[in-house]
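Below is one structure, written out as structure tokens; comments come after it.
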Amino acid sequence: MWLVTIYCSAESWRKEATAFNAIVAKYGVKPLATKKMKDDERRIMTFEVEDVSDAESFQDECLTLDGFTGQFESL
């Protein structure tokens, strides 16, 4: 199991939310948590992914979106 954490600003979320949700649906990852920060409305989203290659591919595809960053680690 792998934990993928994706970060984005409020502005990036407004512009890229539809594309991001399409990526999530494509990989069928399991959402664990979504946090919208009060101060600047940036988002922190965590997902559980079964396979390491899927975790890496999911993260890489998310990073193609403007203003999205991320990391993954073993659970």
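Every chain in the structure tokens has a letter given in the order shown (A, B, ...), and although residue numbers restart at 1 in each chain, ligands are simply numbered from 1 in the order shown.
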- Task: Apply DSSP to the backbone of this structure and, from chain A, keep only the residues in alpha helix (DSSP H); write these as number ranges by chain.
- Result: A: 10-27, 52-63
Can you spit out the residues from that selection as a CSV table (one decimal), in the first residue's frame, using N, CA and C atoms?
```
chain,number,residue,atom,x,y,z
A,10,ALA,N,-5.6,27.4,-3.9
A,10,ALA,CA,-7.0,27.6,-4.2
A,10,ALA,C,-7.2,27.9,-5.7
A,11,GLU,N,-6.3,28.8,-6.2
A,11,GLU,CA,-6.4,29.2,-7.6
A,11,GLU,C,-6.2,28.0,-8.5
A,12,SER,N,-5.2,27.2,-8.2
A,12,SER,CA,-5.0,26.0,-9.0
A,12,SER,C,-6.2,25.0,-9.0
A,13,TRP,N,-6.8,24.9,-7.8
A,13,TRP,CA,-8.0,24.0,-7.7
A,13,TRP,C,-9.1,24.5,-8.5
A,14,ARG,N,-9.4,25.8,-8.5
A,14,ARG,CA,-10.5,26.4,-9.3
A,14,ARG,C,-10.2,26.1,-10.8
A,15,LYS,N,-9.0,26.2,-11.2
A,15,LYS,CA,-8.7,26.0,-12.7
A,15,LYS,C,-8.6,24.5,-13.1
A,16,GLU,N,-8.2,23.7,-12.2
A,16,GLU,CA,-7.8,22.3,-12.6
A,16,GLU,C,-8.7,21.2,-11.9
A,17,ALA,N,-9.7,21.5,-11.1
A,17,ALA,CA,-10.5,20.5,-10.3
A,17,ALA,C,-11.1,19.5,-11.2
A,18,THR,N,-11.6,19.9,-12.4
A,18,THR,CA,-12.3,18.9,-13.2
A,18,THR,C,-11.2,17.9,-13.8
A,19,ALA,N,-10.1,18.4,-14.2
A,19,ALA,CA,-9.0,17.5,-14.7
A,19,ALA,C,-8.5,16.6,-13.6
A,20,PHE,N,-8.3,17.2,-12.4
A,20,PHE,CA,-7.8,16.4,-11.3
A,20,PHE,C,-8.8,15.2,-11.0
A,21,ASN,N,-10.1,15.6,-10.9
A,21,ASN,CA,-11.1,14.5,-10.6
A,21,ASN,C,-11.1,13.4,-11.7
A,22,ALA,N,-10.8,13.8,-12.9
A,22,ALA,CA,-10.8,12.8,-14.0
A,22,ALA,C,-9.6,11.9,-13.8
A,23,ILE,N,-8.4,12.4,-13.3
A,23,ILE,CA,-7.3,11.6,-13.0
A,23,ILE,C,-7.6,10.6,-11.9
A,24,VAL,N,-8.2,11.1,-10.8
A,24,VAL,CA,-8.6,10.3,-9.7
A,24,VAL,C,-9.5,9.1,-10.2
A,25,ALA,N,-10.5,9.4,-11.0
A,25,ALA,CA,-11.4,8.4,-11.5
A,25,ALA,C,-10.6,7.4,-12.4
A,26,LYS,N,-9.7,7.9,-13.2
A,26,LYS,CA,-8.9,7.0,-14.1
A,26,LYS,C,-8.1,6.0,-13.3
A,27,TYR,N,-7.5,6.4,-12.2
A,27,TYR,CA,-6.7,5.5,-11.4
A,27,TYR,C,-7.5,4.7,-10.4
A,52,VAL,N,2.8,0.3,-6.3
A,52,VAL,CA,3.8,1.4,-6.4
A,52,VAL,C,3.9,2.0,-7.7
A,53,SER,N,3.7,1.3,-8.8
A,53,SER,CA,3.8,1.9,-10.1
A,53,SER,C,2.6,2.8,-10.4
A,54,ASP,N,1.4,2.3,-9.9
A,54,ASP,CA,0.2,3.2,-10.0
A,54,ASP,C,0.3,4.4,-9.1
A,55,ALA,N,0.9,4.3,-7.9
A,55,ALA,CA,1.1,5.5,-7.1
A,55,ALA,C,2.0,6.5,-7.8
A,56,GLU,N,3.1,6.0,-8.4
A,56,GLU,CA,4.0,6.9,-9.1
A,56,GLU,C,3.4,7.5,-10.3
A,57,SER,N,2.6,6.7,-11.1
A,57,SER,CA,2.0,7.3,-12.3
A,57,SER,C,0.9,8.3,-11.9
A,58,PHE,N,0.1,7.9,-10.9
A,58,PHE,CA,-0.9,8.9,-10.4
A,58,PHE,C,-0.3,10.2,-10.0
A,59,GLN,N,0.7,10.1,-9.2
A,59,GLN,CA,1.4,11.4,-8.8
A,59,GLN,C,1.9,12.1,-10.0
A,60,ASP,N,2.6,11.4,-10.9
A,60,ASP,CA,3.2,12.1,-12.0
A,60,ASP,C,2.1,12.8,-12.9
A,61,GLU,N,1.0,12.2,-13.1
A,61,GLU,CA,-0.1,12.8,-13.8
A,61,GLU,C,-0.7,14.0,-13.1
A,62,CYS,N,-0.8,13.9,-11.8
A,62,CYS,CA,-1.3,15.0,-11.1
A,62,CYS,C,-0.4,16.2,-11.2
A,63,LEU,N,0.9,16.0,-11.2
A,63,LEU,CA,1.9,17.0,-11.2
A,63,LEU,C,1.9,17.7,-12.6
```
- Message: Give me the residues near segment 30-32 of chain A as JSON, numbers by chain, where near means some atom within 6 Å (using only C-alpha atoms) and where sequence neighbours in that chain fewer than 3 positions away do not count.
- Response: {"A": [46, 47, 48]}
Let's have the selection written as a PDB file, in the first residue's frame, with all heavy atoms.
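So the final result, stored in selection14.pdb, reads:
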```
ATOM      1  N   THR A  46      -5.137  13.271   0.375  1.00  0.00           N
ATOM      2  CA  THR A  46      -4.380  12.027   0.493  1.00  0.00           C
ATOM      3  C   THR A  46      -5.197  10.875  -0.071  1.00  0.00           C
ATOM      4  O   THR A  46      -6.423  10.829   0.064  1.00  0.00           O
ATOM      5  CB  THR A  46      -3.988  11.733   1.950  1.00  0.00           C
ATOM      6  OG1 THR A  46      -5.156  11.709   2.764  1.00  0.00           O
ATOM      7  CG2 THR A  46      -3.027  12.779   2.485  1.00  0.00           C
ATOM      8  N   PHE A  47      -4.468   9.943  -0.696  1.00  0.00           N
ATOM      9  CA  PHE A  47      -5.091   8.800  -1.353  1.00  0.00           C
ATOM     10  C   PHE A  47      -4.297   7.537  -1.049  1.00  0.00           C
ATOM     11  O   PHE A  47      -3.079   7.581  -0.898  1.00  0.00           O
ATOM     12  CB  PHE A  47      -5.097   8.995  -2.881  1.00  0.00           C
ATOM     13  CG  PHE A  47      -5.833  10.228  -3.312  1.00  0.00           C
ATOM     14  CD1 PHE A  47      -5.192  11.443  -3.396  1.00  0.00           C
ATOM     15  CD2 PHE A  47      -7.179  10.163  -3.615  1.00  0.00           C
ATOM     16  CE1 PHE A  47      -5.873  12.590  -3.782  1.00  0.00           C
ATOM     17  CE2 PHE A  47      -7.868  11.301  -4.002  1.00  0.00           C
ATOM     18  CZ  PHE A  47      -7.213  12.515  -4.088  1.00  0.00           C
ATOM     19  N   GLU A  48      -5.008   6.420  -0.979  1.00  0.00           N
ATOM     20  CA  GLU A  48      -4.383   5.117  -0.819  1.00  0.00           C
ATOM     21  C   GLU A  48      -4.333   4.450  -2.184  1.00  0.00           C
ATOM     22  O   GLU A  48      -5.336   4.410  -2.899  1.00  0.00           O
ATOM     23  CB  GLU A  48      -5.206   4.263   0.144  1.00  0.00           C
ATOM     24  CG  GLU A  48      -4.616   2.911   0.432  1.00  0.00           C
ATOM     25  CD  GLU A  48      -5.499   2.123   1.388  1.00  0.00           C
ATOM     26  OE1 GLU A  48      -5.620   2.531   2.556  1.00  0.00           O
ATOM     27  OE2 GLU A  48      -6.077   1.120   0.933  1.00  0.00           O
TER      28      GLU A  48
END
```
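Minimum atom-to-atom distances from A:Gln71, A:Thr64, A:Lys36, A:Val49 to Trp2 of chain A were compared using only C-alpha atoms, and the lowest value belongs to A:Val49.
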- Item | Nearest-residue call for Met37 of chain A, choices A:Asp51, A:Leu65, A:Cys8, A:Leu75, using only C-alpha atoms |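 Closest to Met37 of chain A of all the choices is A:Cys8.
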- Query: Rounded to one decimal in Å, what is the spacing between atom CA of Arg43 of chain A and atom CA of Val29 of chain A?
  - Reply: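 It comes out at 17.4 Å.
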- Task: Mind giving me the straight-line distance from atom CA of Asp66 of chain A to atom CA of Ser9 of chain A in Å, one decimal?
- Result: 9.7 Å
- Taking the DSSP assignment computed from this structure's backbone, write out as a VMD selection string all residues of chain A that belong to strand (DSSP E or B). chain A and resid 2 to 8 30 to 36 43 to 49 68 to 74
- Task: Using only C-alpha atoms, find the one residue out of A:Ala33, A:Ile6, A:Met45, A:Met1 that sits nearest to Thr69 of chain A.
- Result: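 Of all the options, A:Ile6 lies closest to Thr69 of chain A.
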- Just how far from atom CA of Gly70 of chain A is atom CA of Glu50 of chain A, in Å to one decimal?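 Between atom CA of Glu50 of chain A and atom CA of Gly70 of chain A the gap is 17.1 Å.
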